[in-house]
file upload33.txt (compact mmCIF, C-alpha atoms and all ligand atoms)
# COMPACT_ATOMS: atom_id res chain seq x y z
CA MET A 1 0.00 0.00 0.00
CA ASN A 2 1.08 3.53 -0.69
CA TYR A 3 0.44 5.16 2.68
CA GLU A 4 1.33 8.64 1.39
CA ARG A 5 -1.98 8.51 -0.46
CA PHE A 6 -3.74 8.60 2.93
CA GLN A 7 -1.71 11.43 4.43
CA ASN A 8 -2.42 15.11 4.00
CA GLN A 9 0.36 17.62 3.29
CA ALA A 10 0.70 18.57 6.96
CA SER A 11 1.19 14.92 7.93
CA ILE A 12 3.80 14.43 5.24
CA VAL A 13 5.89 17.38 6.45
CA ARG A 14 5.18 17.31 10.22
CA LYS A 15 8.30 16.47 12.22
CA SER A 16 8.64 14.70 15.55
CA SER A 17 9.03 16.87 18.61
CA PRO A 18 12.75 16.85 19.47
CA LEU A 19 11.81 16.60 23.18
CA ARG A 20 9.27 13.79 23.08
CA ASP A 21 11.78 10.93 22.81
CA LEU A 22 13.16 11.81 26.27
CA PRO A 23 10.82 9.51 28.28
CA GLY A 24 11.99 6.56 26.15
CA LYS A 25 15.67 7.53 26.57
CA LEU A 26 15.24 7.89 30.33
CA SER A 27 13.49 4.57 30.81
CA ALA A 28 16.24 2.86 28.78
CA ARG A 29 18.89 4.34 31.13
CA PRO A 30 17.08 4.81 34.45
CA ASN A 31 20.28 5.85 36.25
CA ALA A 32 21.07 8.68 33.83
CA ILE A 33 21.08 12.18 35.33
CA SER A 34 18.49 14.14 33.41
CA MET A 35 19.20 17.76 32.79
CA ALA A 36 17.38 17.41 29.49
CA GLY A 37 13.60 17.55 29.76
CA GLY A 38 11.41 19.96 31.69
CA LEU A 39 10.35 17.24 34.12
CA PRO A 40 8.77 18.80 37.22
CA ASP A 41 10.34 17.82 40.55
CA PRO A 42 8.16 15.02 42.03
CA GLU A 43 8.50 16.78 45.40
CA ALA A 44 6.19 19.42 43.99
CA CYS A 45 3.46 16.84 43.40
CA PRO A 46 0.93 16.50 46.26
CA PHE A 47 -0.08 12.88 45.46
CA ILE A 48 1.99 10.07 47.00
CA GLU A 49 0.00 6.84 46.91
CA ALA A 50 -3.55 5.60 46.54
CA THR A 51 -5.88 2.81 47.45
CA VAL A 52 -8.73 2.39 45.01
CA LYS A 53 -11.79 0.47 46.16
CA LEU A 54 -13.43 -1.63 43.48
CA ARG A 55 -17.11 -2.41 43.15
CA ASP A 56 -16.44 -6.11 43.88
CA GLY A 57 -15.04 -5.18 47.32
CA SER A 58 -11.37 -5.70 46.43
CA GLU A 59 -8.74 -2.95 46.30
CA LEU A 60 -6.02 -1.69 43.99
CA GLN A 61 -2.89 -0.39 45.64
CA ILE A 62 -0.96 2.31 43.78
CA ASP A 63 2.35 2.40 45.64
CA PRO A 64 4.63 5.45 45.82
CA GLY A 65 6.84 4.18 42.93
CA ASP A 66 3.89 3.73 40.57
CA MET A 67 2.35 6.96 41.75
CA ALA A 68 5.56 8.89 41.02
CA LEU A 69 5.68 7.26 37.58
CA CYS A 70 2.14 8.14 36.62
CA MET A 71 2.46 11.69 37.92
CA GLN A 72 5.36 12.42 35.57
CA TYR A 73 5.46 13.10 31.82
CA SER A 74 5.56 9.79 30.00
CA HIS A 75 5.62 8.00 26.62
CA THR A 76 3.61 9.61 23.82
CA GLU A 77 2.18 6.24 22.71
CA GLY A 78 1.11 5.25 26.25
CA PHE A 79 2.70 3.33 29.14
CA PRO A 80 4.69 0.45 27.58
CA ASP A 81 3.14 -2.13 29.96
CA LEU A 82 -0.39 -1.00 29.23
CA ARG A 83 0.25 -0.85 25.49
CA GLN A 84 1.62 -4.37 25.62
CA TRP A 85 -1.44 -5.57 27.54
CA PHE A 86 -3.71 -4.13 24.87
CA LYS A 87 -1.52 -5.46 22.04
CA GLU A 88 -1.98 -8.93 23.49
CA LEU A 89 -5.72 -8.31 23.79
CA GLN A 90 -5.91 -7.25 20.14
CA ARG A 91 -3.95 -10.34 19.13
CA ARG A 92 -6.22 -12.60 21.13
CA VAL A 93 -9.52 -11.02 20.06
CA HIS A 94 -8.82 -9.89 16.49
CA ASN A 95 -5.59 -11.65 15.53
CA PRO A 96 -4.77 -8.97 12.92
CA PRO A 97 -2.86 -10.62 10.05
CA ALA A 98 -0.17 -7.91 10.12
CA LEU A 99 0.40 -7.74 13.90
CA GLY A 100 3.98 -8.60 14.71
CA ASP A 101 4.93 -9.17 11.05
CA SER A 102 7.98 -6.94 10.66
CA ASN A 103 8.11 -7.64 6.91
CA HIS A 104 4.60 -6.30 6.36
CA PRO A 105 4.68 -2.66 5.13
CA GLY A 106 1.51 -2.01 7.13
CA GLN A 107 2.59 -3.85 10.26
CA THR A 108 -0.12 -3.40 12.87
CA ASP A 109 0.63 -1.23 15.88
CA VAL A 110 -1.41 -0.20 18.92
CA ILE A 111 -1.25 3.12 20.77
CA LEU A 112 -3.30 4.63 23.57
CA MET A 113 -5.59 7.56 22.95
CA ASN A 114 -7.90 9.81 24.99
CA GLY A 115 -10.90 7.67 24.09
CA SER A 116 -11.90 6.36 20.69
CA GLN A 117 -13.15 9.80 19.67
CA ASP A 118 -9.64 11.19 20.07
CA ALA A 119 -8.40 8.37 17.81
CA LEU A 120 -11.05 9.28 15.23
CA CYS A 121 -10.36 13.01 15.44
CA LYS A 122 -6.58 12.72 15.19
CA SER A 123 -6.84 10.19 12.35
CA LEU A 124 -9.03 12.59 10.38
CA GLU A 125 -6.62 15.41 11.19
CA ALA A 126 -3.76 13.36 9.74
CA MET A 127 -5.58 12.05 6.71
CA THR A 128 -7.99 14.61 5.29
CA SER A 129 -7.62 17.73 3.15
CA PRO A 130 -10.20 20.32 2.00
CA GLY A 131 -12.30 18.97 -0.85
CA ASP A 132 -11.82 15.30 0.07
CA ASN A 133 -14.81 13.02 -0.37
CA ILE A 134 -15.33 10.76 2.63
CA LEU A 135 -17.69 7.76 2.55
CA ILE A 136 -19.85 7.65 5.64
CA GLU A 137 -22.73 5.46 6.72
CA ASN A 138 -26.10 7.18 6.72
CA PRO A 139 -27.48 7.76 9.34
CA ALA A 140 -24.24 8.24 11.25
CA TYR A 141 -22.77 9.18 14.60
CA PRO A 142 -22.49 12.99 14.26
CA SER A 143 -18.86 13.47 15.38
CA PRO A 144 -17.10 12.67 12.08
CA GLY A 145 -19.31 15.25 10.34
CA ILE A 146 -18.60 17.84 13.00
CA ILE A 147 -14.87 17.24 12.51
CA LEU A 148 -14.93 16.99 8.72
CA LYS A 149 -17.25 19.80 7.62
CA PRO A 150 -15.07 22.65 8.96
CA ARG A 151 -12.09 20.91 7.33
CA GLY A 152 -13.84 21.47 3.98
CA CYS A 153 -14.49 17.77 3.34
CA ASN A 154 -17.61 16.40 1.64
CA MET A 155 -19.40 13.51 3.21
CA ILE A 156 -20.77 10.98 0.80
CA PRO A 157 -23.59 9.03 2.45
CA VAL A 158 -23.80 5.26 2.09
CA ASP A 159 -27.17 3.74 3.05
CA SER A 160 -27.34 1.80 6.26
CA ASP A 161 -30.22 -0.53 7.14
CA ALA A 162 -31.03 -2.95 9.95
CA GLY A 163 -27.85 -4.84 8.99
CA GLY A 164 -25.55 -1.78 9.06
CA MET A 165 -23.81 -0.25 6.03
CA ASP A 166 -25.20 -1.75 2.81
CA PRO A 167 -22.36 -3.06 0.57
CA ASP A 168 -24.61 -2.91 -2.52
CA ASN A 169 -25.21 0.77 -1.96
CA LEU A 170 -21.48 1.26 -1.33
CA ARG A 171 -20.73 -0.39 -4.68
CA HIS A 172 -23.32 1.83 -6.34
CA VAL A 173 -21.89 5.01 -4.75
CA LEU A 174 -18.35 4.01 -5.77
CA SER A 175 -19.42 3.30 -9.37
CA ARG A 176 -19.10 7.05 -10.04
CA TRP A 177 -15.37 6.33 -10.12
CA SER A 178 -13.17 3.64 -11.59
CA PRO A 179 -10.78 1.70 -9.33
CA GLU A 180 -8.00 3.06 -11.58
CA ASP A 181 -8.80 6.60 -10.30
CA ALA A 182 -7.22 5.61 -6.99
CA LYS A 183 -3.82 5.75 -8.73
CA ASP A 184 -4.41 9.34 -9.86
CA PRO A 185 -3.53 11.80 -7.04
CA SER A 186 -5.65 14.52 -8.71
CA SER A 187 -8.81 12.35 -8.70
CA ASP A 188 -11.58 13.12 -6.20
CA ILE A 189 -12.17 9.42 -5.57
CA PRO A 190 -12.82 8.81 -1.84
CA LYS A 191 -9.92 7.45 0.18
CA LEU A 192 -11.67 6.92 3.50
CA LEU A 193 -14.73 4.99 4.60
CA TYR A 194 -16.16 5.57 8.10
CA CYS A 195 -18.50 3.17 9.86
CA VAL A 196 -19.60 1.97 13.28
CA PRO A 197 -19.79 -1.79 12.67
CA THR A 198 -21.25 -2.89 16.02
CA GLY A 199 -24.24 -1.58 17.98
CA GLY A 200 -24.55 1.22 15.45
CA ASN A 201 -24.99 4.68 16.86
CA PRO A 202 -27.85 5.61 16.19
CA THR A 203 -29.31 2.46 14.61
CA GLY A 204 -28.34 -0.32 17.05
CA SER A 205 -27.52 -2.42 13.97
CA GLY A 206 -24.41 -4.51 13.40
CA LEU A 207 -22.58 -5.63 10.28
CA THR A 208 -22.48 -9.37 9.61
CA LEU A 209 -19.18 -11.00 8.72
CA GLU A 210 -20.41 -11.41 5.11
CA ARG A 211 -21.10 -7.68 4.82
CA LYS A 212 -17.72 -6.86 6.35
CA GLN A 213 -15.99 -9.17 3.86
CA GLU A 214 -17.81 -7.52 0.97
CA ILE A 215 -17.02 -4.01 2.19
CA TYR A 216 -13.37 -5.02 2.71
CA ARG A 217 -13.21 -6.37 -0.86
CA LEU A 218 -14.58 -3.06 -2.18
CA ALA A 219 -12.04 -1.20 -0.06
CA GLN A 220 -9.30 -3.29 -1.71
CA GLU A 221 -10.70 -2.67 -5.18
CA TYR A 222 -10.95 1.11 -4.72
CA ASP A 223 -7.94 1.42 -2.38
CA LEU A 224 -9.90 2.78 0.59
CA MET A 225 -8.78 3.01 4.20
CA ILE A 226 -11.52 1.77 6.55
CA LEU A 227 -12.06 3.78 9.74
CA GLU A 228 -13.56 1.17 12.05
CA ASP A 229 -15.10 3.10 14.95
CA ASP A 230 -16.02 0.23 17.25
CA PRO A 231 -16.60 1.36 20.86
CA TYR A 232 -19.48 -1.16 21.24
CA TYR A 233 -17.55 -4.20 19.95
CA TYR A 234 -17.84 -6.11 23.22
CA ILE A 235 -21.50 -5.12 23.60
CA GLN A 236 -22.83 -7.58 21.03
CA PHE A 237 -26.00 -9.42 22.00
CA THR A 238 -25.24 -12.69 20.22
CA GLU A 239 -22.29 -15.04 20.37
CA PRO A 240 -19.71 -15.54 19.01
CA LEU A 241 -18.62 -11.91 18.50
CA VAL A 242 -18.67 -10.97 14.82
CA PRO A 243 -15.04 -10.69 13.62
CA SER A 244 -13.85 -7.12 13.13
CA PHE A 245 -12.54 -5.46 9.96
CA LEU A 246 -9.15 -5.49 11.70
CA SER A 247 -9.24 -9.27 11.81
CA LEU A 248 -9.72 -9.33 8.01
CA ASP A 249 -7.03 -6.76 7.33
CA VAL A 250 -4.41 -8.53 5.23
CA ASP A 251 -3.37 -5.26 3.51
CA GLY A 252 -3.02 -2.86 6.47
CA ARG A 253 -5.98 -0.68 5.41
CA VAL A 254 -7.95 -0.56 8.67
CA MET A 255 -7.65 2.07 11.37
CA ARG A 256 -9.55 0.66 14.32
CA PHE A 257 -10.80 2.72 17.27
CA ASP A 258 -11.55 0.86 20.53
CA SER A 259 -12.88 2.41 23.70
CA MET A 260 -12.69 1.63 27.39
CA SER A 261 -15.57 4.07 27.99
CA LYS A 262 -18.32 1.47 27.95
CA LEU A 263 -16.31 -1.28 29.69
CA ILE A 264 -14.44 0.61 32.41
CA SER A 265 -15.33 4.32 32.47
CA PRO A 266 -15.79 7.19 30.00
CA GLY A 267 -14.13 9.53 32.51
CA ALA A 268 -10.92 7.50 32.21
CA ARG A 269 -10.70 8.83 28.61
CA LEU A 270 -8.88 5.77 27.43
CA GLY A 271 -9.12 4.29 23.97
CA LEU A 272 -6.97 2.43 21.47
CA LEU A 273 -5.86 3.19 17.98
CA THR A 274 -4.84 0.04 16.14
CA GLY A 275 -3.63 0.30 12.57
CA PRO A 276 -0.75 0.25 10.12
CA GLN A 277 2.49 1.57 11.57
CA PRO A 278 3.13 4.17 8.82
CA MET A 279 -0.18 5.84 9.72
CA ILE A 280 0.20 5.39 13.49
CA GLN A 281 3.55 7.20 13.31
CA LYS A 282 1.78 10.20 11.79
CA ILE A 283 -0.79 10.23 14.59
CA VAL A 284 1.99 9.97 17.21
CA LYS A 285 3.46 13.21 15.82
CA ILE A 286 0.08 14.91 16.29
CA ILE A 287 -0.14 13.63 19.89
CA MET A 288 3.38 14.98 20.55
CA CYS A 289 2.21 18.51 19.85
CA SER A 290 -1.34 18.25 21.26
CA SER A 291 -2.35 16.02 24.18
CA ILE A 292 1.28 14.75 24.76
CA HIS A 293 -0.11 11.46 26.09
CA VAL A 294 -3.16 10.00 27.84
CA SER A 295 -3.42 11.10 31.48
CA GLY A 296 -0.90 9.12 33.56
CA ILE A 297 -3.38 8.83 36.44
CA SER A 298 -5.90 7.29 34.14
CA GLN A 299 -3.36 4.90 32.63
CA MET A 300 -2.12 3.81 36.05
CA PHE A 301 -5.64 3.16 37.41
CA VAL A 302 -6.50 1.10 34.33
CA LEU A 303 -3.14 -0.70 34.20
CA SER A 304 -3.45 -1.74 37.86
CA LEU A 305 -6.97 -3.00 37.22
CA LEU A 306 -6.07 -4.91 34.06
CA LYS A 307 -2.99 -6.50 35.65
CA LYS A 308 -5.23 -7.72 38.47
CA TRP A 309 -7.90 -8.99 36.08
CA GLY A 310 -5.81 -10.39 33.23
CA HIS A 311 -7.27 -10.92 29.76
CA ASP A 312 -9.68 -13.70 30.78
CA GLU A 313 -11.36 -11.67 33.46
CA PHE A 314 -11.46 -8.56 31.26
CA LEU A 315 -13.32 -10.56 28.61
CA ALA A 316 -15.63 -12.16 31.18
CA ARG A 317 -16.49 -8.72 32.61
CA ALA A 318 -17.07 -7.36 29.10
CA LYS A 319 -19.56 -10.19 28.60
CA GLU A 320 -21.32 -9.25 31.85
CA THR A 321 -21.54 -5.65 30.66
CA SER A 322 -22.97 -6.85 27.38
CA ASN A 323 -25.59 -8.91 29.26
CA LEU A 324 -26.54 -5.84 31.29
CA TYR A 325 -27.29 -3.87 28.12
CA LEU A 326 -28.99 -6.84 26.45
CA LYS A 327 -31.45 -6.94 29.37
CA ARG A 328 -31.97 -3.18 29.13
CA SER A 329 -32.60 -3.46 25.39
CA GLN A 330 -35.23 -6.14 26.06
CA LEU A 331 -36.95 -3.91 28.60
CA CYS A 332 -36.92 -1.06 26.12
CA VAL A 333 -38.56 -3.24 23.46
CA LYS A 334 -41.12 -4.41 26.02
CA TYR A 335 -42.17 -0.80 26.78
CA LEU A 336 -42.06 0.17 23.12
CA LYS A 337 -44.57 -2.61 22.46
CA LYS A 338 -46.69 -1.51 25.43
CA HIS A 339 -46.92 2.15 24.44
CA LEU A 340 -46.15 2.45 20.74
CA THR A 341 -47.52 -0.61 18.98
CA GLY A 342 -49.19 0.65 15.80
CA LEU A 343 -47.59 4.07 16.20
CA ALA A 344 -43.91 3.28 15.71
CA GLU A 345 -41.58 0.77 14.05
CA TRP A 346 -38.27 -0.50 15.31
CA THR A 347 -35.77 -3.35 14.95
CA ARG A 348 -34.30 -5.11 17.97
CA PRO A 349 -30.76 -3.82 18.50
CA THR A 350 -28.04 -6.42 17.95
CA GLY A 351 -25.68 -4.61 20.31
CA GLY A 352 -24.70 -1.25 21.79
CA MET A 353 -26.92 1.15 23.68
CA PHE A 354 -29.40 2.50 21.15
CA ILE A 355 -32.66 1.72 19.42
CA TRP A 356 -33.75 3.52 16.25
CA ILE A 357 -37.46 4.18 16.19
CA LYS A 358 -39.43 5.20 13.11
CA ILE A 359 -42.61 7.24 13.53
CA PRO A 360 -44.33 6.80 10.15
CA ALA A 361 -47.15 9.27 10.93
CA VAL A 362 -44.88 12.32 11.15
CA THR A 363 -42.49 13.73 8.57
CA ASN A 364 -40.16 15.19 11.16
CA THR A 365 -39.71 14.17 14.79
CA ASN A 366 -38.46 17.56 16.10
CA GLU A 367 -41.83 18.65 17.48
CA LEU A 368 -42.39 15.23 19.02
CA ILE A 369 -39.03 15.38 20.79
CA LEU A 370 -39.81 18.86 22.12
CA ARG A 371 -43.27 17.93 23.40
CA THR A 372 -41.89 14.82 25.08
CA TYR A 373 -39.11 16.87 26.66
CA LEU A 374 -41.78 19.11 28.22
CA LYS A 375 -43.12 15.92 29.84
CA ASP A 376 -39.62 15.34 31.27
CA ALA A 377 -38.45 12.61 28.91
CA LEU A 378 -35.54 13.16 26.56
CA PHE A 379 -34.82 11.49 23.20
CA VAL A 380 -32.77 12.60 20.20
CA ALA A 381 -34.43 13.54 16.89
CA GLY A 382 -33.22 11.47 13.94
CA SER A 383 -32.15 14.55 11.97
CA ALA A 384 -29.13 14.86 14.34
CA PHE A 385 -27.69 11.79 12.59
CA LEU A 386 -28.20 12.91 9.00
CA ASN A 387 -25.49 14.40 6.83
CA ASP A 388 -27.69 17.50 6.59
CA SER A 389 -28.93 17.86 10.16
CA SER A 390 -31.51 20.47 9.05
CA ALA A 391 -33.27 17.82 6.91
CA PRO A 392 -36.45 16.23 8.33
CA SER A 393 -36.33 12.71 9.79
CA GLN A 394 -39.10 10.32 10.80
CA TYR A 395 -36.79 8.67 13.33
CA ILE A 396 -35.79 9.16 16.93
CA ARG A 397 -32.90 7.60 18.81
CA ALA A 398 -33.61 6.13 22.24
CA SER A 399 -30.81 5.07 24.52
CA PHE A 400 -31.53 2.19 26.90
CA SER A 401 -28.18 2.34 28.69
CA LEU A 402 -29.15 4.29 31.81
CA ALA A 403 -32.90 4.41 32.45
CA THR A 404 -34.43 1.96 34.91
CA SER A 405 -37.36 -0.23 33.93
CA GLU A 406 -39.80 2.20 35.56
CA GLN A 407 -38.17 5.21 33.88
CA MET A 408 -38.30 3.55 30.44
CA ASP A 409 -41.97 2.81 31.00
CA GLN A 410 -42.61 6.48 31.90
CA ALA A 411 -40.47 7.95 29.12
CA LEU A 412 -41.98 5.80 26.37
CA SER A 413 -45.46 6.51 27.71
CA ALA A 414 -44.66 10.26 27.51
CA LEU A 415 -43.45 9.77 23.94
CA ALA A 416 -46.67 7.96 22.98
CA GLU A 417 -48.82 10.63 24.65
CA SER A 418 -46.99 13.43 22.84
CA LEU A 419 -47.38 11.63 19.54
CA LYS A 420 -51.12 11.17 20.10
CA GLU A 421 -51.44 14.89 20.85
CA ILE A 422 -49.70 15.75 17.58
CA LEU A 423 -51.84 13.29 15.63
CA SER A 424 -55.07 14.58 17.18
CA LYS A 425 -54.13 18.15 16.10
CA LYS A 426 -53.69 16.90 12.52
CA THR A 427 -57.18 15.40 12.26
C1 LIG B 501 -19.72 5.67 17.57
C2 LIG B 501 -18.99 6.30 18.69
N1 LIG B 501 -17.70 6.63 18.52
C3 LIG B 501 -17.00 7.20 19.52
C4 LIG B 501 -17.58 7.49 20.74
C5 LIG B 501 -16.76 8.15 21.80
O1 LIG B 501 -16.18 7.17 22.62
P1 LIG B 501 -14.99 7.50 23.62
O2 LIG B 501 -15.59 7.81 24.95
O3 LIG B 501 -14.14 6.28 23.64
O4 LIG B 501 -14.24 8.67 23.07
C6 LIG B 501 -18.93 7.18 20.96
C7 LIG B 501 -19.56 7.49 22.24
O5 LIG B 501 -20.73 7.68 22.39
C8 LIG B 501 -19.65 6.56 19.89
O6 LIG B 501 -20.94 6.22 20.04
call {"tool": "encode", "arguments": {"input": "upload33.txt", "output": "structure tokens", "more": "lines below"}}
Ligand SMILES: Cc1ncc(COP(=O)(O)O)c(C=O)c1O
result
Amino acid sequence: MNYERFQNQASIVRKSSPLRDLPGKLSARPNAISMAGGLPDPEACPFIEATVKLRDGSELQIDPGDMALCMQYSHTEGFPDLRQWFKELQRRVHNPPALGDSNHPGQTDVILMNGSQDALCKSLEAMTSPGDNILIENPAYPSPGIILKPRGCNMIPVDSDAGGMDPDNLRHVLSRWSPEDAKDPSSDIPKLLYCVPTGGNPTGSGLTLERKQEIYRLAQEYDLMILEDDPYYYIQFTEPLVPSFLSLDVDGRVMRFDSMSKLISPGARLGLLTGPQPMIQKIVKIIMCSSIHVSGISQMFVLSLLKKWGHDEFLARAKETSNLYLKRSQLCVKYLKKHLTGLAEWTRPTGGMFIWIKIPAVTNTNELILRTYLKDALFVAGSAFLNDSSAPSQYIRASFSLATSEQMDQALSALAESLKEILSKKT
């Protein structure tokens, strides 16, 4: 693969920070006297050690050595031990064909990010230029649009249905170009394809392996990089977990974004970027001059937890989390049936935290959302997830991640009542 094709001019010319290799140099020679970096004196730091109580009654002990370590500037890519833990997780769960293959030009690497959104944002910063056409599932999580529109990029919608992004529609959209155009740097052929393959936000849909294989084949044909935004990967409601795009990635054309937000805590701001080394190196240079690295406190809390758990327990807990949301999704469907049968249409989510509800009797759900809000129940209007968020939508997104059974009952009853009020005005 020609990775320069996926880098914008700034990424091609951006240099490493001359100061950011100091943590690596210091950990290689721990006895060296450092008069190099602007490392604050640890004596000036008020934190010395910590005991963290866990929900299961056990404790994590952060001793003074670890505390001093996490309170200091550290490696741009993340703590080496934590990175290694996640590399092993990626190998075990996804077994990316190019992980650990030093002869592969797109050898897979893993770095830590401030959540999966940070991985998405910095990837788009490294890869896009004004005028670029980006393929994006429709409806879509709004963040890529919010990042891309001010960068002067055009979003090209690809239809998504109850099974996620539709490969037939992708093929149709791409037929405006010829695969040969990918070799012409002046062509406006898309280079990037964004999708949320599991527990789609907003649709709750998931791609099957067959669809992923077909999309991957199209990506090979048209030389696309796939941006696999997959924070709900472990929240799949059926077993076995559907293999990821990363697991299919023989070429090194997948940038995968994982998140610890739904499995450990969103406040930890910890995510993973897994992808081909030539692209990861470009992102590392952006981190050097922006966030510097993920918060050391956050990394140390999570590292201590994951060392205690190990991979088996992490995966078992992820399954428990998935079961929690499966039960919530079932409750949500139960109350949808109770209050909205005949008024709304929906598909059972296959994972994640959302259900996508169609209200066929209205052309736009904005008024419905507002009326329901005045009854103290909050949903999101479907237009928020369209490429043009001012366009009307017959959909609403409901999240079942937080509300109790009683609250879901009340909120969906309020939604039904508001809808009936609107319909009675019409007649
Ligand atoms: C599709 C998608 N991507 C990214 C994120 C952000 O996740 P993180 O907290 O890891 O940044 C979310 C969170 O809602 C999401 O739904």
call {"tool": "closest_residue", "arguments": {"input": "upload33.txt", "among": "A:Glu345, A:Asp376, A:Asp230, A:Asp388", "to": "ligand LIG 501 (chain B)", "atoms": "all atoms listed in the file"}}
result
A:Asp230
call {"tool": "closest_atom_pairs", "arguments": {"input": "upload33.txt", "of": "chain A", "to": "ligand LIG 501 (chain B)", "cutoff": "7 Å", "atoms": "all atoms listed in the file", "output": "Markdown table"}}
result
| residue | atom | partner | partner_atom | distance |
| --- | --- | --- | --- | --- |
| A:Asn114 | CA | B:LIG501 | O4 | 6.7 |
| A:Gly115 | CA | B:LIG501 | O3 | 3.6 |
| A:Ser116 | CA | B:LIG501 | O3 | 3.7 |
| A:Gln117 | CA | B:LIG501 | O4 | 3.7 |
| A:Asp118 | CA | B:LIG501 | O4 | 6.0 |
| A:Tyr141 | CA | B:LIG501 | C1 | 5.5 |
| A:Val196 | CA | B:LIG501 | C1 | 5.7 |
| A:Gly200 | CA | B:LIG501 | C1 | 6.9 |
| A:Asn201 | CA | B:LIG501 | O6 | 5.4 |
| A:Asp229 | CA | B:LIG501 | N1 | 5.7 |
| A:Asp230 | CA | B:LIG501 | C1 | 6.6 |
| A:Pro231 | CA | B:LIG501 | N1 | 5.9 |
| A:Asp258 | CA | B:LIG501 | O3 | 6.8 |
| A:Ser259 | CA | B:LIG501 | O3 | 4.1 |
| A:Met260 | CA | B:LIG501 | O3 | 6.1 |
| A:Ser261 | CA | B:LIG501 | O2 | 4.8 |
| A:Pro266 | CA | B:LIG501 | O2 | 5.1 |
| A:Arg269 | CA | B:LIG501 | O2 | 6.2 |
| A:Leu270 | CA | B:LIG501 | O3 | 6.5 |
| A:Gly271 | CA | B:LIG501 | O3 | 5.4 |
call {"tool": "atom_distance", "arguments": {"input": "upload33.txt", "atom1": "atom CA of Pro179 of chain A", "atom2": "atom CA of Gln220 of chain A"}}
result
9.2 Å
call {"tool": "atom_distance", "arguments": {"input": "upload33.txt", "atom1": "atom CA of Pro40 of chain A", "atom2": "atom CA of Val284 of chain A"}}
result
22.9 Å
call {"tool": "closest_residue", "arguments": {"input": "upload33.txt", "among": "A:Pro185, A:Gly342, A:Gly152, A:Pro392", "to": "Thr365 of chain A", "atoms": "only C-alpha atoms"}}
result
A:Pro392
call {"tool": "closest_residue", "arguments": {"input": "upload33.txt", "among": "A:Asn31, A:Thr347, A:Asn366, A:Thr274", "to": "Ser389 of chain A", "atoms": "all atoms listed in the file"}}
result
A:Asn366
call {"tool": "residues_around", "arguments": {"input": "upload33.txt", "residues": "Pro190 of chain A", "least_positions_apart": "2", "cutoff": "10 Å", "atoms": "only C-alpha atoms", "output": "mmCIF file with C-alpha atoms, in the frame of the given file"}}
result
data_model
loop_
_atom_site.group_PDB
_atom_site.id
_atom_site.type_symbol
_atom_site.label_atom_id
_atom_site.label_comp_id
_atom_site.auth_asym_id
_atom_site.auth_seq_id
_atom_site.Cartn_x
_atom_site.Cartn_y
_atom_site.Cartn_z
ATOM 1 C CA ASP A 132 -11.820 15.300 0.070
ATOM 2 C CA ASN A 133 -14.810 13.020 -0.370
ATOM 3 C CA ILE A 134 -15.330 10.760 2.630
ATOM 4 C CA LEU A 135 -17.690 7.760 2.550
ATOM 5 C CA ASN A 154 -17.610 16.400 1.640
ATOM 6 C CA MET A 155 -19.400 13.510 3.210
ATOM 7 C CA ILE A 156 -20.770 10.980 0.800
ATOM 8 C CA LEU A 174 -18.350 4.010 -5.770
ATOM 9 C CA TRP A 177 -15.370 6.330 -10.120
ATOM 10 C CA ASP A 181 -8.800 6.600 -10.300
ATOM 11 C CA ALA A 182 -7.220 5.610 -6.990
ATOM 12 C CA SER A 187 -8.810 12.350 -8.700
ATOM 13 C CA ASP A 188 -11.580 13.120 -6.200
ATOM 14 C CA LEU A 192 -11.670 6.920 3.500
ATOM 15 C CA LEU A 193 -14.730 4.990 4.600
ATOM 16 C CA TYR A 222 -10.950 1.110 -4.720
ATOM 17 C CA ASP A 223 -7.940 1.420 -2.380
ATOM 18 C CA LEU A 224 -9.900 2.780 0.590
ATOM 19 C CA MET A 225 -8.780 3.010 4.200
#
call {"tool": "atom_distance", "arguments": {"input": "upload33.txt", "atom1": "atom CA of Ser129 of chain A", "atom2": "atom CA of Ile226 of chain A"}}
result
16.8 Å
call {"tool": "closest_residue", "arguments": {"input": "upload33.txt", "among": "A:Ala44, A:Ala126, A:Leu170, A:Ile235", "to": "Ala318 of chain A", "atoms": "all atoms listed in the file"}}
result
A:Ile235
call {"tool": "residues_around", "arguments": {"input": "upload33.txt", "residues": "segment 75-83 of chain A", "least_positions_apart": "2", "cutoff": "9 Å", "atoms": "only C-alpha atoms", "output": "ChimeraX atom specification"}}
result
/A:20-24,70,73,85-88,110-113,272,284-285,287-288,291-294,296,299-300,302-303,306-307
call {"tool": "closest_residue", "arguments": {"input": "upload33.txt", "among": "A:Gly131, A:Pro157, A:Pro144, A:Pro105", "to": "Asn169 of chain A", "atoms": "all atoms listed in the file"}}
result
A:Pro157
call {"tool": "closest_residue", "arguments": {"input": "upload33.txt", "among": "A:Glu210, A:Leu248, A:Pro130, A:Gly37", "to": "Lys25 of chain A", "atoms": "only C-alpha atoms"}}
result
A:Gly37
call {"tool": "residues_around", "arguments": {"input": "upload33.txt", "residues": "Ala162 of chain A", "least_positions_apart": "3", "cutoff": "10 Å", "atoms": "only C-alpha atoms", "output": "PyMOL selection string"}}
result
chain A and resi 165-166+200+203-207+346-350+356
call {"tool": "axis_aligned_box", "arguments": {"input": "upload33.txt", "around": "segment 338-353 of chain A", "padding_each_side": "3 Å", "output": "AutoDock Vina command-line options"}}
result
--center_x -36.9 --center_y -1.2 --center_z 19.7 --size_x 30.5 --size_y 16.5 --size_z 17.4
